[in-house]
>>> print(open('coords-v4.pdb').read())   # PDB, C-alpha atoms, pLDDT in the B column
ATOM      1  CA  MET A 226       3.939  -4.850   2.548  1.00 51.00           C
ATOM      2  CA  SER A 227       1.585  -2.130   3.731  1.00 57.00           C
ATOM      3  CA  TYR A 228       2.354  -2.073   7.463  1.00 57.00           C
ATOM      4  CA  ASP A 229       5.430  -0.946   9.357  1.00 56.00           C
ATOM      5  CA  GLU A 230       5.296  -2.448  12.835  1.00 54.00           C
ATOM      6  CA  LYS A 231       1.808  -1.440  14.048  1.00 55.00           C
ATOM      7  CA  ASP A 232       1.229   1.528  11.710  1.00 57.00           C
ATOM      8  CA  GLN A 233      -0.206   1.384   8.221  1.00 55.00           C
ATOM      9  CA  GLN A 234       2.044   3.066   5.692  1.00 53.00           C
ATOM     10  CA  GLN A 235       0.507   6.219   4.287  1.00 52.00           C
ATOM     11  CA  ASP A 236       2.500   6.359   1.055  1.00 63.00           C
ATOM     12  CA  GLY A 237       1.334   3.100  -0.499  1.00 72.00           C
ATOM     13  CA  ILE A 238       2.430  -0.494  -0.754  1.00 79.00           C
ATOM     14  CA  GLU A 239       6.047  -1.582  -0.814  1.00 78.00           C
ATOM     15  CA  THR A 240       6.942  -4.549  -3.020  1.00 79.00           C
ATOM     16  CA  ILE A 241       9.724  -6.386  -1.211  1.00 82.00           C
ATOM     17  CA  LYS A 242      10.398  -8.959  -3.912  1.00 81.00           C
ATOM     18  CA  PRO A 243       8.938  -8.565  -7.422  1.00 79.00           C
ATOM     19  CA  LEU A 244       7.034 -11.475  -8.951  1.00 77.00           C
ATOM     20  CA  GLN A 245       8.700 -13.469 -11.699  1.00 80.00           C
ATOM     21  CA  LEU A 246       5.380 -14.689 -13.124  1.00 78.00           C
ATOM     22  CA  GLU A 247       3.561 -14.092 -16.356  1.00 76.00           C
ATOM     23  CA  GLY A 248      -0.145 -14.431 -16.950  1.00 79.00           C
ATOM     24  CA  PRO A 249      -3.300 -13.879 -14.880  1.00 81.00           C
ATOM     25  CA  GLY A 250      -2.369 -16.213 -12.008  1.00 82.00           C
ATOM     26  CA  ASP A 251      -4.160 -19.412 -12.971  1.00 86.00           C
ATOM     27  CA  ASN A 252      -3.434 -22.177 -10.453  1.00 90.00           C
ATOM     28  CA  ILE A 253      -1.813 -19.803  -7.964  1.00 91.00           C
ATOM     29  CA  LEU A 254      -2.771 -19.778  -4.300  1.00 94.00           C
ATOM     30  CA  ILE A 255      -1.850 -16.728  -2.239  1.00 93.00           C
ATOM     31  CA  VAL A 256      -2.000 -17.200   1.537  1.00 95.00           C
ATOM     32  CA  ASP A 257      -1.914 -14.280   3.968  1.00 93.00           C
ATOM     33  CA  ASP A 258      -2.555 -13.897   7.670  1.00 94.00           C
ATOM     34  CA  LEU A 259      -4.958 -10.958   7.419  1.00 95.00           C
ATOM     35  CA  VAL A 260      -6.846  -8.808   4.944  1.00 95.00           C
ATOM     36  CA  ASP A 261      -7.544  -5.453   6.608  1.00 94.00           C
ATOM     37  CA  THR A 262      -8.698  -2.700   4.255  1.00 93.00           C
ATOM     38  CA  GLY A 263      -8.135  -4.738   1.095  1.00 93.00           C
ATOM     39  CA  LYS A 264      -5.480  -2.329  -0.165  1.00 91.00           C
ATOM     40  CA  THR A 265      -2.743  -4.966  -0.463  1.00 90.00           C
ATOM     41  CA  ALA A 266      -5.174  -7.649  -1.659  1.00 93.00           C
ATOM     42  CA  SER A 267      -6.458  -5.436  -4.489  1.00 92.00           C
ATOM     43  CA  PHE A 268      -2.844  -4.621  -5.446  1.00 89.00           C
ATOM     44  CA  VAL A 269      -2.068  -8.343  -5.702  1.00 88.00           C
ATOM     45  CA  LYS A 270      -5.315  -9.106  -7.541  1.00 90.00           C
ATOM     46  CA  GLU A 271      -4.431  -6.469 -10.149  1.00 89.00           C
ATOM     47  CA  MET A 272      -1.206  -8.355 -10.871  1.00 87.00           C
ATOM     48  CA  LEU A 273      -2.778 -11.830 -10.675  1.00 89.00           C
ATOM     49  CA  PRO A 274      -6.537 -11.493 -11.220  1.00 91.00           C
ATOM     50  CA  LYS A 275      -7.186 -15.250 -11.357  1.00 92.00           C
ATOM     51  CA  ALA A 276      -5.136 -16.165  -8.282  1.00 92.00           C
ATOM     52  CA  HIS A 277      -7.024 -17.480  -5.251  1.00 96.00           C
ATOM     53  CA  LEU A 278      -6.488 -15.401  -2.083  1.00 96.00           C
ATOM     54  CA  ALA A 279      -6.908 -17.312   1.178  1.00 97.00           C
ATOM     55  CA  VAL A 280      -6.521 -15.519   4.520  1.00 97.00           C
ATOM     56  CA  LEU A 281      -6.823 -16.487   8.149  1.00 96.00           C
ATOM     57  CA  TYR A 282      -8.686 -13.355   9.242  1.00 97.00           C
ATOM     58  CA  ALA A 283     -10.782 -10.989   7.146  1.00 97.00           C
ATOM     59  CA  LYS A 284     -11.737  -7.601   8.531  1.00 97.00           C
ATOM     60  CA  THR A 285     -15.005  -6.037   7.376  1.00 95.00           C
ATOM     61  CA  LYS A 286     -13.486  -3.752   4.710  1.00 95.00           C
ATOM     62  CA  GLY A 287     -11.117  -6.413   3.383  1.00 95.00           C
ATOM     63  CA  LYS A 288     -13.518  -9.355   3.329  1.00 96.00           C
ATOM     64  CA  PRO A 289     -14.711  -8.777  -0.277  1.00 96.00           C
ATOM     65  CA  PHE A 290     -11.123  -9.173  -1.515  1.00 95.00           C
ATOM     66  CA  ALA A 291     -10.588 -12.625   0.032  1.00 96.00           C
ATOM     67  CA  ASP A 292     -11.693 -15.668  -1.922  1.00 96.00           C
ATOM     68  CA  THR A 293     -11.479 -17.794   1.236  1.00 97.00           C
ATOM     69  CA  TYR A 294     -11.100 -16.807   4.876  1.00 97.00           C
ATOM     70  CA  PHE A 295     -11.158 -18.608   8.220  1.00 96.00           C
ATOM     71  CA  LYS A 296     -12.824 -15.976  10.388  1.00 96.00           C
ATOM     72  CA  GLU A 297     -14.328 -12.519   9.934  1.00 96.00           C
ATOM     73  CA  ILE A 298     -13.379  -9.925  12.557  1.00 97.00           C
ATOM     74  CA  SER A 299     -14.399  -6.330  13.177  1.00 96.00           C
ATOM     75  CA  GLN A 300     -12.458  -3.540  11.523  1.00 96.00           C
ATOM     76  CA  ASP A 301     -11.199  -2.140  14.845  1.00 95.00           C
ATOM     77  CA  THR A 302      -9.764  -5.448  16.133  1.00 94.00           C
ATOM     78  CA  TRP A 303      -5.969  -5.679  16.330  1.00 90.00           C
ATOM     79  CA  ILE A 304      -4.513  -9.185  16.192  1.00 90.00           C
ATOM     80  CA  TYR A 305      -1.121  -9.965  17.692  1.00 89.00           C
ATOM     81  CA  PHE A 306       0.372 -12.821  15.702  1.00 88.00           C
ATOM     82  CA  PRO A 307       3.073 -14.942  17.391  1.00 87.00           C
ATOM     83  CA  TRP A 308       5.636 -14.043  14.713  1.00 82.00           C
ATOM     84  CA  GLU A 309       5.171 -10.339  15.482  1.00 80.00           C
ATOM     85  CA  LEU A 310       5.865 -10.618  19.208  1.00 83.00           C
ATOM     86  CA  GLU A 311       9.309 -10.352  20.714  1.00 78.00           C
ATOM     87  CA  PRO A 312      10.398 -13.423  22.637  1.00 75.00           C
ATOM     88  CA  LYS A 313      10.461 -13.060  26.402  1.00 71.00           C
ATOM     89  CA  ASN A 314      13.764 -13.611  28.151  1.00 71.00           C
ATOM     90  CA  THR A 315      13.253 -16.460  30.567  1.00 64.00           C
ATOM     91  CA  PRO A 316      16.000 -17.800  32.810  1.00 63.00           C
TER      92      PRO A 316
END
>>> encode(input="coords-v4.pdb", output="structure tokens")
Amino acid sequence: MSYDEKDQQQDGIETIKPLQLEGPGDNILIVDDLVDTGKTASFVKEMLPKAHLAVLYAKTKGKPFADTYFKEISQDTWIYFPWELEPKNTP
């Protein structure tokens, strides 16, 4: 995790749950919603250099770290994903 709400953490990447894997990551698919600067992606690729990283959106700086991506977006674009939005109270 490298973001806290809408702000990028300045002190590095936080590992929420350590991997219980050995080896270079053969036959492992990592799926993420977004690669921004590539900081998290490069961290993961160091642990699993042969894993395939697929993302929905790749920003300009992060694009080289993604093996597969759905759409490239500009570096200054902020995407609001549905799982990040608070539900609206409707009567």
>>> resolve_selection(input="coords-v4.pdb", expression="the PyMOL selection byres ((chain A and resi 293) around 7)", output="JSON, numbers by chain")
{"A": [278, 279, 280, 291, 292, 294]}
>>> residues_around(input="coords-v4.pdb", residues="segment 248-251 of chain A", least_positions_apart="3", cutoff="6 Å", atoms="all atoms listed in the file", output="PDB file with C-alpha atoms, in the frame of the given file")
ATOM      1  CA  LEU A 273      -2.778 -11.830 -10.675  1.00 89.00           C
ATOM      2  CA  PRO A 274      -6.537 -11.493 -11.220  1.00 91.00           C
ATOM      3  CA  LYS A 275      -7.186 -15.250 -11.357  1.00 92.00           C
ATOM      4  CA  ALA A 276      -5.136 -16.165  -8.282  1.00 92.00           C
TER       5      ALA A 276
END
>>> axis_aligned_box(input="coords-v4.pdb", around="segment 242-246 of chain A", padding_each_side="3 Å", output="AutoDock Vina command-line options")
--center_x 7.9 --center_y -11.6 --center_z -8.5 --size_x 11.0 --size_y 12.1 --size_z 15.2
>>> residues_around(input="coords-v4.pdb", residues="segment 257-271 of chain A", least_positions_apart="3", cutoff="7 Å", atoms="only C-alpha atoms", output="list in words")
Ser227, Ile238, Pro274, Ala279, Val280, Leu281, Tyr282, Ala283, Lys284, Lys286, Gly287, Lys288 and Phe290 of chain A
>>> atom_distance(input="coords-v4.pdb", atom1="atom CA of Phe295 of chain A", atom2="atom CA of Asn252 of chain A")
20.5 Å
>>> closest_residue(input="coords-v4.pdb", among="A:Lys313, A:Trp308, A:Ser299, A:Leu246", to="Met272 of chain A", atoms="only C-alpha atoms")
A:Leu246
>>> atom_distance(input="coords-v4.pdb", atom1="atom CA of Ile241 of chain A", atom2="atom CA of Glu297 of chain A")
27.2 Å
>>> atom_distance(input="coords-v4.pdb", atom1="atom CA of Phe306 of chain A", atom2="atom CA of Gln245 of chain A")
28.6 Å
>>> build_atoms(input="coords-v4.pdb", residues="segment 280-315 of chain A", atoms="N, CA and C atoms", output="PDB file, keeping the file's coordinate frame")
ATOM      1  N   VAL A 280      -7.049 -16.204   3.339  1.00 97.00           N
ATOM      2  CA  VAL A 280      -6.521 -15.519   4.520  1.00 97.00           C
ATOM      3  C   VAL A 280      -7.077 -16.150   5.787  1.00 97.00           C
ATOM      4  N   LEU A 281      -6.329 -16.000   6.867  1.00 96.00           N
ATOM      5  CA  LEU A 281      -6.823 -16.487   8.149  1.00 96.00           C
ATOM      6  C   LEU A 281      -7.956 -15.609   8.658  1.00 96.00           C
ATOM      7  N   TYR A 282      -7.707 -14.295   8.702  1.00 97.00           N
ATOM      8  CA  TYR A 282      -8.686 -13.355   9.242  1.00 97.00           C
ATOM      9  C   TYR A 282      -9.028 -12.293   8.210  1.00 97.00           C
ATOM     10  N   ALA A 283     -10.315 -12.021   8.066  1.00 97.00           N
ATOM     11  CA  ALA A 283     -10.782 -10.989   7.146  1.00 97.00           C
ATOM     12  C   ALA A 283     -11.536  -9.935   7.935  1.00 97.00           C
ATOM     13  N   LYS A 284     -11.019  -8.709   7.911  1.00 97.00           N
ATOM     14  CA  LYS A 284     -11.737  -7.601   8.531  1.00 97.00           C
ATOM     15  C   LYS A 284     -12.862  -7.160   7.588  1.00 97.00           C
ATOM     16  N   THR A 285     -13.797  -6.417   8.104  1.00 95.00           N
ATOM     17  CA  THR A 285     -15.005  -6.037   7.376  1.00 95.00           C
ATOM     18  C   THR A 285     -14.706  -5.407   6.017  1.00 95.00           C
ATOM     19  N   LYS A 286     -13.800  -4.438   5.973  1.00 95.00           N
ATOM     20  CA  LYS A 286     -13.486  -3.752   4.710  1.00 95.00           C
ATOM     21  C   LYS A 286     -12.740  -4.651   3.732  1.00 95.00           C
ATOM     22  N   GLY A 287     -11.933  -5.564   4.248  1.00 95.00           N
ATOM     23  CA  GLY A 287     -11.117  -6.413   3.383  1.00 95.00           C
ATOM     24  C   GLY A 287     -11.782  -7.699   2.943  1.00 95.00           C
ATOM     25  N   LYS A 288     -12.844  -8.084   3.611  1.00 96.00           N
ATOM     26  CA  LYS A 288     -13.518  -9.355   3.329  1.00 96.00           C
ATOM     27  C   LYS A 288     -13.859  -9.564   1.850  1.00 96.00           C
ATOM     28  N   PRO A 289     -14.369  -8.550   1.133  1.00 96.00           N
ATOM     29  CA  PRO A 289     -14.711  -8.777  -0.277  1.00 96.00           C
ATOM     30  C   PRO A 289     -13.519  -9.158  -1.164  1.00 96.00           C
ATOM     31  N   PHE A 290     -12.306  -8.881  -0.713  1.00 95.00           N
ATOM     32  CA  PHE A 290     -11.123  -9.173  -1.515  1.00 95.00           C
ATOM     33  C   PHE A 290     -10.619 -10.603  -1.322  1.00 95.00           C
ATOM     34  N   ALA A 291     -11.037 -11.263  -0.255  1.00 96.00           N
ATOM     35  CA  ALA A 291     -10.588 -12.625   0.032  1.00 96.00           C
ATOM     36  C   ALA A 291     -11.506 -13.632  -0.647  1.00 96.00           C
ATOM     37  N   ASP A 292     -10.906 -14.596  -1.316  1.00 96.00           N
ATOM     38  CA  ASP A 292     -11.693 -15.668  -1.922  1.00 96.00           C
ATOM     39  C   ASP A 292     -12.105 -16.686  -0.850  1.00 96.00           C
ATOM     40  N   THR A 293     -11.231 -16.881   0.118  1.00 97.00           N
ATOM     41  CA  THR A 293     -11.479 -17.794   1.236  1.00 97.00           C
ATOM     42  C   THR A 293     -10.910 -17.162   2.496  1.00 97.00           C
ATOM     43  N   TYR A 294     -11.634 -17.284   3.602  1.00 97.00           N
ATOM     44  CA  TYR A 294     -11.100 -16.807   4.876  1.00 97.00           C
ATOM     45  C   TYR A 294     -11.591 -17.723   5.991  1.00 97.00           C
ATOM     46  N   PHE A 295     -10.825 -17.771   7.077  1.00 96.00           N
ATOM     47  CA  PHE A 295     -11.158 -18.608   8.220  1.00 96.00           C
ATOM     48  C   PHE A 295     -12.185 -17.938   9.121  1.00 96.00           C
ATOM     49  N   LYS A 296     -11.943 -16.667   9.455  1.00 96.00           N
ATOM     50  CA  LYS A 296     -12.824 -15.976  10.388  1.00 96.00           C
ATOM     51  C   LYS A 296     -12.912 -14.492  10.048  1.00 96.00           C
ATOM     52  N   GLU A 297     -14.130 -13.955  10.118  1.00 96.00           N
ATOM     53  CA  GLU A 297     -14.328 -12.519   9.934  1.00 96.00           C
ATOM     54  C   GLU A 297     -14.216 -11.833  11.295  1.00 96.00           C
ATOM     55  N   ILE A 298     -13.532 -10.693  11.321  1.00 97.00           N
ATOM     56  CA  ILE A 298     -13.379  -9.925  12.557  1.00 97.00           C
ATOM     57  C   ILE A 298     -13.736  -8.471  12.284  1.00 97.00           C
ATOM     58  N   SER A 299     -14.022  -7.737  13.346  1.00 96.00           N
ATOM     59  CA  SER A 299     -14.399  -6.330  13.177  1.00 96.00           C
ATOM     60  C   SER A 299     -13.200  -5.507  12.710  1.00 96.00           C
ATOM     61  N   GLN A 300     -13.500  -4.392  12.088  1.00 96.00           N
ATOM     62  CA  GLN A 300     -12.458  -3.540  11.523  1.00 96.00           C
ATOM     63  C   GLN A 300     -11.532  -2.975  12.590  1.00 96.00           C
ATOM     64  N   ASP A 301     -12.020  -2.754  13.800  1.00 95.00           N
ATOM     65  CA  ASP A 301     -11.199  -2.140  14.845  1.00 95.00           C
ATOM     66  C   ASP A 301     -10.436  -3.151  15.706  1.00 95.00           C
ATOM     67  N   THR A 302     -10.488  -4.421  15.376  1.00 94.00           N
ATOM     68  CA  THR A 302      -9.764  -5.448  16.133  1.00 94.00           C
ATOM     69  C   THR A 302      -8.311  -5.503  15.679  1.00 94.00           C
ATOM     70  N   TRP A 303      -7.387  -5.513  16.644  1.00 90.00           N
ATOM     71  CA  TRP A 303      -5.969  -5.679  16.330  1.00 90.00           C
ATOM     72  C   TRP A 303      -5.565  -7.071  16.773  1.00 90.00           C
ATOM     73  N   ILE A 304      -4.947  -7.827  15.882  1.00 90.00           N
ATOM     74  CA  ILE A 304      -4.513  -9.185  16.192  1.00 90.00           C
ATOM     75  C   ILE A 304      -3.006  -9.184  16.368  1.00 90.00           C
ATOM     76  N   TYR A 305      -2.554  -9.778  17.457  1.00 89.00           N
ATOM     77  CA  TYR A 305      -1.121  -9.965  17.692  1.00 89.00           C
ATOM     78  C   TYR A 305      -0.766 -11.380  17.281  1.00 89.00           C
ATOM     79  N   PHE A 306      -0.059 -11.511  16.168  1.00 88.00           N
ATOM     80  CA  PHE A 306       0.372 -12.821  15.702  1.00 88.00           C
ATOM     81  C   PHE A 306       1.661 -13.211  16.410  1.00 88.00           C
ATOM     82  N   PRO A 307       1.867 -14.501  16.666  1.00 87.00           N
ATOM     83  CA  PRO A 307       3.073 -14.942  17.391  1.00 87.00           C
ATOM     84  C   PRO A 307       4.367 -14.492  16.736  1.00 87.00           C
ATOM     85  N   TRP A 308       4.403 -14.424  15.408  1.00 82.00           N
ATOM     86  CA  TRP A 308       5.636 -14.043  14.713  1.00 82.00           C
ATOM     87  C   TRP A 308       5.907 -12.546  14.783  1.00 82.00           C
ATOM     88  N   GLU A 309       4.970 -11.782  15.333  1.00 80.00           N
ATOM     89  CA  GLU A 309       5.171 -10.339  15.482  1.00 80.00           C
ATOM     90  C   GLU A 309       5.610  -9.957  16.901  1.00 80.00           C
ATOM     91  N   LEU A 310       5.534 -10.894  17.811  1.00 83.00           N
ATOM     92  CA  LEU A 310       5.865 -10.618  19.208  1.00 83.00           C
ATOM     93  C   LEU A 310       7.328 -10.922  19.481  1.00 83.00           C
ATOM     94  N   GLU A 311       7.924 -10.103  20.328  1.00 78.00           N
ATOM     95  CA  GLU A 311       9.309 -10.352  20.714  1.00 78.00           C
ATOM     96  C   GLU A 311       9.344 -11.463  21.752  1.00 78.00           C
ATOM     97  N   PRO A 312      10.316 -12.355  21.632  1.00 75.00           N
ATOM     98  CA  PRO A 312      10.398 -13.423  22.637  1.00 75.00           C
ATOM     99  C   PRO A 312      10.737 -12.855  24.017  1.00 75.00           C
ATOM    100  N   LYS A 313      10.168 -13.468  25.032  1.00 71.00           N
ATOM    101  CA  LYS A 313      10.461 -13.060  26.402  1.00 71.00           C
ATOM    102  C   LYS A 313      11.723 -13.762  26.880  1.00 71.00           C
ATOM    103  N   ASN A 314      12.546 -13.013  27.576  1.00 71.00           N
ATOM    104  CA  ASN A 314      13.764 -13.611  28.151  1.00 71.00           C
ATOM    105  C   ASN A 314      13.390 -14.355  29.421  1.00 71.00           C
ATOM    106  N   THR A 315      13.542 -15.651  29.378  1.00 64.00           N
ATOM    107  CA  THR A 315      13.253 -16.460  30.567  1.00 64.00           C
ATOM    108  C   THR A 315      14.528 -17.150  31.008  1.00 64.00           C
TER     109      THR A 315
END
